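Trainee: Would you mind keeping the following structure in view while I ask a few things?
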Amino acid sequence: MARKDDLLTLQEIANLAGVGKQTAAKWHHMARKTGGEPPLRLVAKAMGVEIPEANDHSPRYPRRVVVGFLQAVGYLNADESPTERREGRGKWAPARPTIDPRPIEQFDTDQPEAEDSDAEERDAQTSATEPTRKSFHVDRSTGRRLRYYNAHAWKIVGFGSENSFTTSRTRGRFVDPDGIDELERPYWFRETLEQWAEGAEDRKAARFAGPEPDGFTAEGQPFRLLPGDNYYAKKAAGQADRAGKGKPSKQEGREAT
């Protein structure tokens, strides 16, 4: 049985992930468009694990770092079995939320996480007296937070489809992601999604309510200014009228000749 401190070569990493060695090599040295270190090094840093052997001519990584990476990007489940792949066309994404590799302590909290409904209820009861307390949704088997990608987030927040969710993001109507993963894909944590969903109806109502009135009468009735009633619109119209009177039309010019 493999141990957590076993060192894996790139070929062994590829075998564990079910990919080619070339893909594993990219995870070892791939330059990222969004900056930062290559994927495997990013995970090692997040987990606080030293990887001196990764600098050798035949790089090797601790098995727990490799497993943490593969769980984070969606190749392995919490029990280290291969993940289920999402059906359909389009960019590959795991069928289920993935496991963030960072220890829960790195999220600036020393409070116990909410793992069940009883814990969440206790959090709600103490939130008034402990406003800084954070309640994280975590994977019970690992104690780590879960990452929700596009393929999972749209269901949590109540969109009709992933396409409508993507369109909303493109138009800037959705909250920014909590992070960009090691393969440079955006993800959210569940509490972020739930918080956004709570205000969805209010945002929708505000979007369809139309613009705010230009003012209110003494009786409190709202009113709008038509373009002709606006001071700047009147001033522009006057300037255009004066400019028109100062220049004879083509017809007037022909009659004068």
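FYI, nothing fancy with the structure tokens labels: chains A, B, ... in order, residues from 1 per chain, ligands from 1 as they appear.
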Please list as a VMD selection string every residue within 9 Å of stretch 165-176 of chain A, counting only C-alpha atoms and excluding residues in the same chain fewer than 3 positions away.
Mentor: chain A and resid 150 153 to 154 157 159 to 162 179 186 188 192 to 193 196
Trainee: Suppose we keep N, CA and C atoms; can you now write the selection as a CSV table (one decimal), in the first residue's frame?
Mentor:
chain,number,residue,atom,x,y,z
A,150,ASN,N,-18.0,26.1,-12.9
A,150,ASN,CA,-19.2,26.5,-13.7
A,150,ASN,C,-20.2,25.4,-13.7
A,153,ALA,N,-21.7,25.3,-10.1
A,153,ALA,CA,-22.2,26.5,-9.5
A,153,ALA,C,-23.6,26.9,-9.9
A,154,TRP,N,-23.9,26.7,-11.2
A,154,TRP,CA,-25.2,27.2,-11.7
A,154,TRP,C,-26.4,26.6,-11.1
A,157,VAL,N,-26.9,28.2,-7.4
A,157,VAL,CA,-27.5,29.6,-7.4
A,157,VAL,C,-28.8,29.7,-8.1
A,159,PHE,N,-29.8,29.0,-11.5
A,159,PHE,CA,-29.9,29.3,-12.9
A,159,PHE,C,-30.6,28.1,-13.7
A,160,GLY,N,-31.1,28.4,-14.8
A,160,GLY,CA,-31.8,27.4,-15.6
A,160,GLY,C,-30.9,26.5,-16.3
A,161,SER,N,-29.7,26.9,-16.6
A,161,SER,CA,-28.7,26.1,-17.3
A,161,SER,C,-27.3,26.7,-17.1
A,162,GLU,N,-26.3,25.9,-17.5
A,162,GLU,CA,-25.0,26.4,-17.4
A,162,GLU,C,-24.7,27.5,-18.4
A,179,GLY,N,-11.5,32.0,-6.6
A,179,GLY,CA,-10.1,31.8,-6.9
A,179,GLY,C,-10.0,31.2,-8.3
A,186,PRO,N,-11.8,29.2,-13.1
A,186,PRO,CA,-12.5,29.9,-11.9
A,186,PRO,C,-13.3,28.9,-11.1
A,188,TRP,N,-15.8,28.7,-7.1
A,188,TRP,CA,-16.4,29.4,-6.0
A,188,TRP,C,-16.5,28.4,-4.8
A,192,THR,N,-20.1,31.3,-0.8
A,192,THR,CA,-20.2,32.5,-1.7
A,192,THR,C,-21.4,32.4,-2.6
A,193,LEU,N,-21.6,31.2,-3.1
A,193,LEU,CA,-22.8,30.9,-4.0
A,193,LEU,C,-24.1,31.1,-3.3
A,196,TRP,N,-24.8,34.8,-2.6
A,196,TRP,CA,-25.3,35.5,-3.8
A,196,TRP,C,-26.7,35.1,-4.1
Trainee: Just want the 12 Å neighbourhood of A:Ile13, counted on only C-alpha atoms, with same-chain residues fewer than 6 positions away dropped. Output as a PyMOL selection string.
Mentor: chain A and resi 6-7+19-28+40+59-70+75
Trainee: List as a PyMOL selection string the protein and nucleic acid residues near A:Gly74, meaning an atom at most 8 Å away when only C-alpha atoms are counted, but skip any in the same chain fewer than 4 places from it.
Mentor: chain A and resi 70+83+93-94+96-99
Trainee: If you count only C-alpha atoms, which residues fall within 8 Å of A:Arg102, apart from same-chain ones fewer than 5 positions away, as a list of chain:residue names?
Mentor: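 Selected residues are A:Val43, A:Ala46, A:Met47, A:Arg144.
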Trainee: Tell me, in Å to one decimal, how far atom CA of A:Ile156 is from atom CA of A:Glu182.
Mentor: 22.9 Å
Trainee: Quick one: of A:His29, A:Arg147, A:Lys45, A:His57, who's nearest to A:Ala95, counting only C-alpha atoms?
Mentor: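 Among the listed residues, A:Arg147 lies closest to A:Ala95.
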Trainee: Can you list, as an MDAnalysis selection string, every protein, DNA or RNA residue that comes within 6 Å of A:Pro213 when you count only C-alpha atoms, leaving out same-chain residues fewer than 2 positions away?
Mentor: chainID A and resid 215 222:224
Trainee: How about saving the chosen residues, N, CA and C atoms kept, as an mmCIF file, in the first residue's frame?
Mentor:
data_model
loop_
_atom_site.group_PDB
_atom_site.id
_atom_site.type_symbol
_atom_site.label_atom_id
_atom_site.label_comp_id
_atom_site.auth_asym_id
_atom_site.auth_seq_id
_atom_site.Cartn_x
_atom_site.Cartn_y
_atom_site.Cartn_z
ATOM 1 N N GLY A 215 -37.261 63.155 -9.793
ATOM 2 C CA GLY A 215 -37.591 63.928 -8.613
ATOM 3 C C GLY A 215 -38.964 63.579 -8.092
ATOM 4 N N PRO A 222 -43.598 60.708 -7.741
ATOM 5 C CA PRO A 222 -42.383 60.734 -8.568
ATOM 6 C C PRO A 222 -42.680 61.324 -9.951
ATOM 7 N N PHE A 223 -41.691 61.939 -10.554
ATOM 8 C CA PHE A 223 -41.852 62.443 -11.915
ATOM 9 C C PHE A 223 -40.536 62.269 -12.664
ATOM 10 N N ARG A 224 -40.647 62.291 -14.001
ATOM 11 C CA ARG A 224 -39.487 62.200 -14.879
ATOM 12 C C ARG A 224 -39.468 63.430 -15.778
#
Trainee: Using atom CA of A:Pro39 and atom CA of A:Glu194 as the two end points, give the distance in Å to one decimal.
Mentor: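 Atom CA of A:Glu194 lies at a distance of 28.6 Å from atom CA of A:Pro39.
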Trainee: Calculate how many Å separate atom CA of A:Ser58 from atom CA of A:Arg41, rounding to one decimal.
Mentor: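 Separating atom CA of A:Ser58 from atom CA of A:Arg41 is a distance of 15.2 Å.
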Trainee: Got a sec: who's within 8 Å of A:Phe189, counting only C-alpha atoms, leaving out chain neighbours fewer than 5 positions off, as JSON, numbers by chain?
Mentor: {"A": [137, 145, 146, 147, 148, 178]}
Trainee: Among stretch 21-115 of chain A, which residues does DSSP mark as helix (DSSP H, G or I) when it is run on the backbone? Keep the chain and numbering as in the structure and answer as a ChimeraX atom specification.
Mentor: /A:21-29,39-47,52-55,63-73,104-107
Trainee: Could you dump the residues just selected with N, CA, C and O atoms as a compact mmCIF listing (two decimals), in the first residue's frame?
Mentor:
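For reference, result-v5.txt as written:
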# COMPACT_ATOMS: atom_id res chain seq x y z
N LYS A 21 2.47 10.84 -19.85
CA LYS A 21 3.60 11.44 -19.13
C LYS A 21 3.80 12.89 -19.54
O LYS A 21 4.23 13.73 -18.74
N GLN A 22 3.49 13.23 -20.79
CA GLN A 22 3.65 14.60 -21.25
C GLN A 22 2.76 15.56 -20.47
O GLN A 22 3.15 16.68 -20.14
N THR A 23 1.54 15.11 -20.14
CA THR A 23 0.64 15.93 -19.33
C THR A 23 1.20 16.14 -17.94
O THR A 23 1.18 17.25 -17.39
N ALA A 24 1.73 15.07 -17.35
CA ALA A 24 2.33 15.17 -16.01
C ALA A 24 3.53 16.12 -16.04
O ALA A 24 3.77 16.88 -15.10
N ALA A 25 4.29 16.09 -17.14
CA ALA A 25 5.44 16.98 -17.27
C ALA A 25 4.99 18.43 -17.32
O ALA A 25 5.65 19.32 -16.77
N LYS A 26 3.85 18.69 -17.96
CA LYS A 26 3.31 20.05 -18.00
C LYS A 26 2.91 20.51 -16.60
O LYS A 26 3.11 21.67 -16.25
N TRP A 27 2.33 19.62 -15.84
CA TRP A 27 1.96 19.98 -14.47
C TRP A 27 3.19 20.33 -13.64
O TRP A 27 3.12 21.09 -12.69
N HIS A 28 4.32 19.76 -14.02
CA HIS A 28 5.58 20.00 -13.30
C HIS A 28 6.22 21.34 -13.69
O HIS A 28 6.76 22.05 -12.83
N HIS A 29 6.15 21.74 -14.98
CA HIS A 29 6.87 22.94 -15.40
C HIS A 29 6.04 23.93 -16.23
O HIS A 29 6.57 24.91 -16.73
N PRO A 39 1.55 24.03 -11.62
CA PRO A 39 0.50 23.42 -10.80
C PRO A 39 0.97 22.60 -9.61
O PRO A 39 0.50 22.80 -8.49
N LEU A 40 1.87 21.65 -9.82
CA LEU A 40 2.29 20.79 -8.72
C LEU A 40 3.02 21.58 -7.63
O LEU A 40 2.86 21.32 -6.43
N ARG A 41 3.78 22.57 -8.02
CA ARG A 41 4.48 23.40 -7.05
C ARG A 41 3.50 24.29 -6.27
O ARG A 41 3.69 24.54 -5.08
N LEU A 42 2.47 24.75 -6.97
CA LEU A 42 1.45 25.56 -6.29
C LEU A 42 0.78 24.77 -5.17
O LEU A 42 0.55 25.29 -4.08
N VAL A 43 0.45 23.52 -5.45
CA VAL A 43 -0.22 22.69 -4.46
C VAL A 43 0.71 22.38 -3.29
O VAL A 43 0.31 22.42 -2.12
N ALA A 44 1.96 22.08 -3.60
CA ALA A 44 2.92 21.82 -2.53
C ALA A 44 3.05 23.02 -1.61
O ALA A 44 3.08 22.89 -0.37
N LYS A 45 3.09 24.21 -2.20
CA LYS A 45 3.19 25.43 -1.40
C LYS A 45 1.94 25.64 -0.57
O LYS A 45 2.01 26.03 0.61
N ALA A 46 0.77 25.38 -1.16
CA ALA A 46 -0.49 25.54 -0.44
C ALA A 46 -0.60 24.58 0.74
O ALA A 46 -1.16 24.91 1.78
N MET A 47 -0.04 23.38 0.57
CA MET A 47 -0.11 22.37 1.62
C MET A 47 1.03 22.51 2.63
O MET A 47 1.03 21.82 3.66
N PRO A 52 12.08 19.33 -2.35
CA PRO A 52 13.43 19.51 -2.90
C PRO A 52 13.73 18.58 -4.06
O PRO A 52 14.49 18.92 -4.97
N GLU A 53 13.13 17.39 -4.06
CA GLU A 53 13.39 16.42 -5.14
C GLU A 53 12.78 16.87 -6.47
O GLU A 53 13.11 16.33 -7.52
N ALA A 54 11.89 17.87 -6.43
CA ALA A 54 11.29 18.34 -7.67
C ALA A 54 12.27 19.11 -8.53
O ALA A 54 12.02 19.36 -9.71
N ASN A 55 13.42 19.49 -7.96
CA ASN A 55 14.41 20.25 -8.71
C ASN A 55 15.46 19.36 -9.36
O ASN A 55 16.37 19.86 -10.02
N ARG A 63 3.82 11.82 -2.52
CA ARG A 63 2.54 11.30 -2.99
C ARG A 63 1.37 12.14 -2.49
O ARG A 63 0.40 12.35 -3.22
N ARG A 64 1.43 12.66 -1.27
CA ARG A 64 0.32 13.45 -0.75
C ARG A 64 0.14 14.75 -1.52
O ARG A 64 -0.97 15.25 -1.65
N VAL A 65 1.24 15.29 -2.05
CA VAL A 65 1.13 16.49 -2.88
C VAL A 65 0.44 16.16 -4.20
O VAL A 65 -0.44 16.88 -4.66
N VAL A 66 0.83 15.04 -4.78
CA VAL A 66 0.22 14.61 -6.05
C VAL A 66 -1.27 14.34 -5.87
O VAL A 66 -2.10 14.77 -6.67
N VAL A 67 -1.62 13.62 -4.80
CA VAL A 67 -3.03 13.33 -4.53
C VAL A 67 -3.80 14.62 -4.28
O VAL A 67 -4.91 14.80 -4.77
N GLY A 68 -3.20 15.54 -3.50
CA GLY A 68 -3.85 16.82 -3.25
C GLY A 68 -4.11 17.58 -4.53
O GLY A 68 -5.19 18.19 -4.70
N PHE A 69 -3.15 17.56 -5.44
CA PHE A 69 -3.33 18.23 -6.73
C PHE A 69 -4.43 17.57 -7.55
O PHE A 69 -5.32 18.25 -8.10
N LEU A 70 -4.41 16.26 -7.65
CA LEU A 70 -5.40 15.55 -8.47
C LEU A 70 -6.80 15.66 -7.89
O LEU A 70 -7.79 15.68 -8.63
N GLN A 71 -6.92 15.75 -6.56
CA GLN A 71 -8.23 15.99 -5.95
C GLN A 71 -8.70 17.42 -6.21
O GLN A 71 -9.88 17.67 -6.43
N ALA A 72 -7.76 18.36 -6.22
CA ALA A 72 -8.12 19.77 -6.40
C ALA A 72 -8.62 20.06 -7.81
O ALA A 72 -9.56 20.83 -7.99
N VAL A 73 -8.01 19.44 -8.81
CA VAL A 73 -8.39 19.75 -10.19
C VAL A 73 -9.42 18.77 -10.76
O VAL A 73 -9.92 18.96 -11.86
N ILE A 104 -7.50 23.84 6.33
CA ILE A 104 -8.57 24.77 6.71
C ILE A 104 -8.03 25.91 7.57
O ILE A 104 -8.60 27.00 7.60
N GLU A 105 -6.91 25.70 8.27
CA GLU A 105 -6.35 26.74 9.12
C GLU A 105 -5.91 27.95 8.31
O GLU A 105 -5.81 29.06 8.83
N GLN A 106 -5.63 27.77 7.03
CA GLN A 106 -5.16 28.87 6.20
C GLN A 106 -6.27 29.83 5.81
O GLN A 106 -6.03 30.83 5.14
N PHE A 107 -7.49 29.54 6.22
CA PHE A 107 -8.60 30.43 5.91
C PHE A 107 -8.91 31.37 7.06
O PHE A 107 -10.01 31.89 7.20
Trainee: With distances taken over only C-alpha atoms, which of A:Thr9, A:Leu76, A:Pro101, A:Ala31 is nearest to A:Gly48?
Mentor: A:Pro101
Trainee: Measuring between only C-alpha atoms, which one of A:Glu84, A:Glu184, A:Ala17, A:Asp139 shows the shortest distance to A:Met30?
Mentor: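 Comparing A:Glu84, A:Glu184, A:Ala17, A:Asp139 against A:Met30, the winner is A:Glu184.
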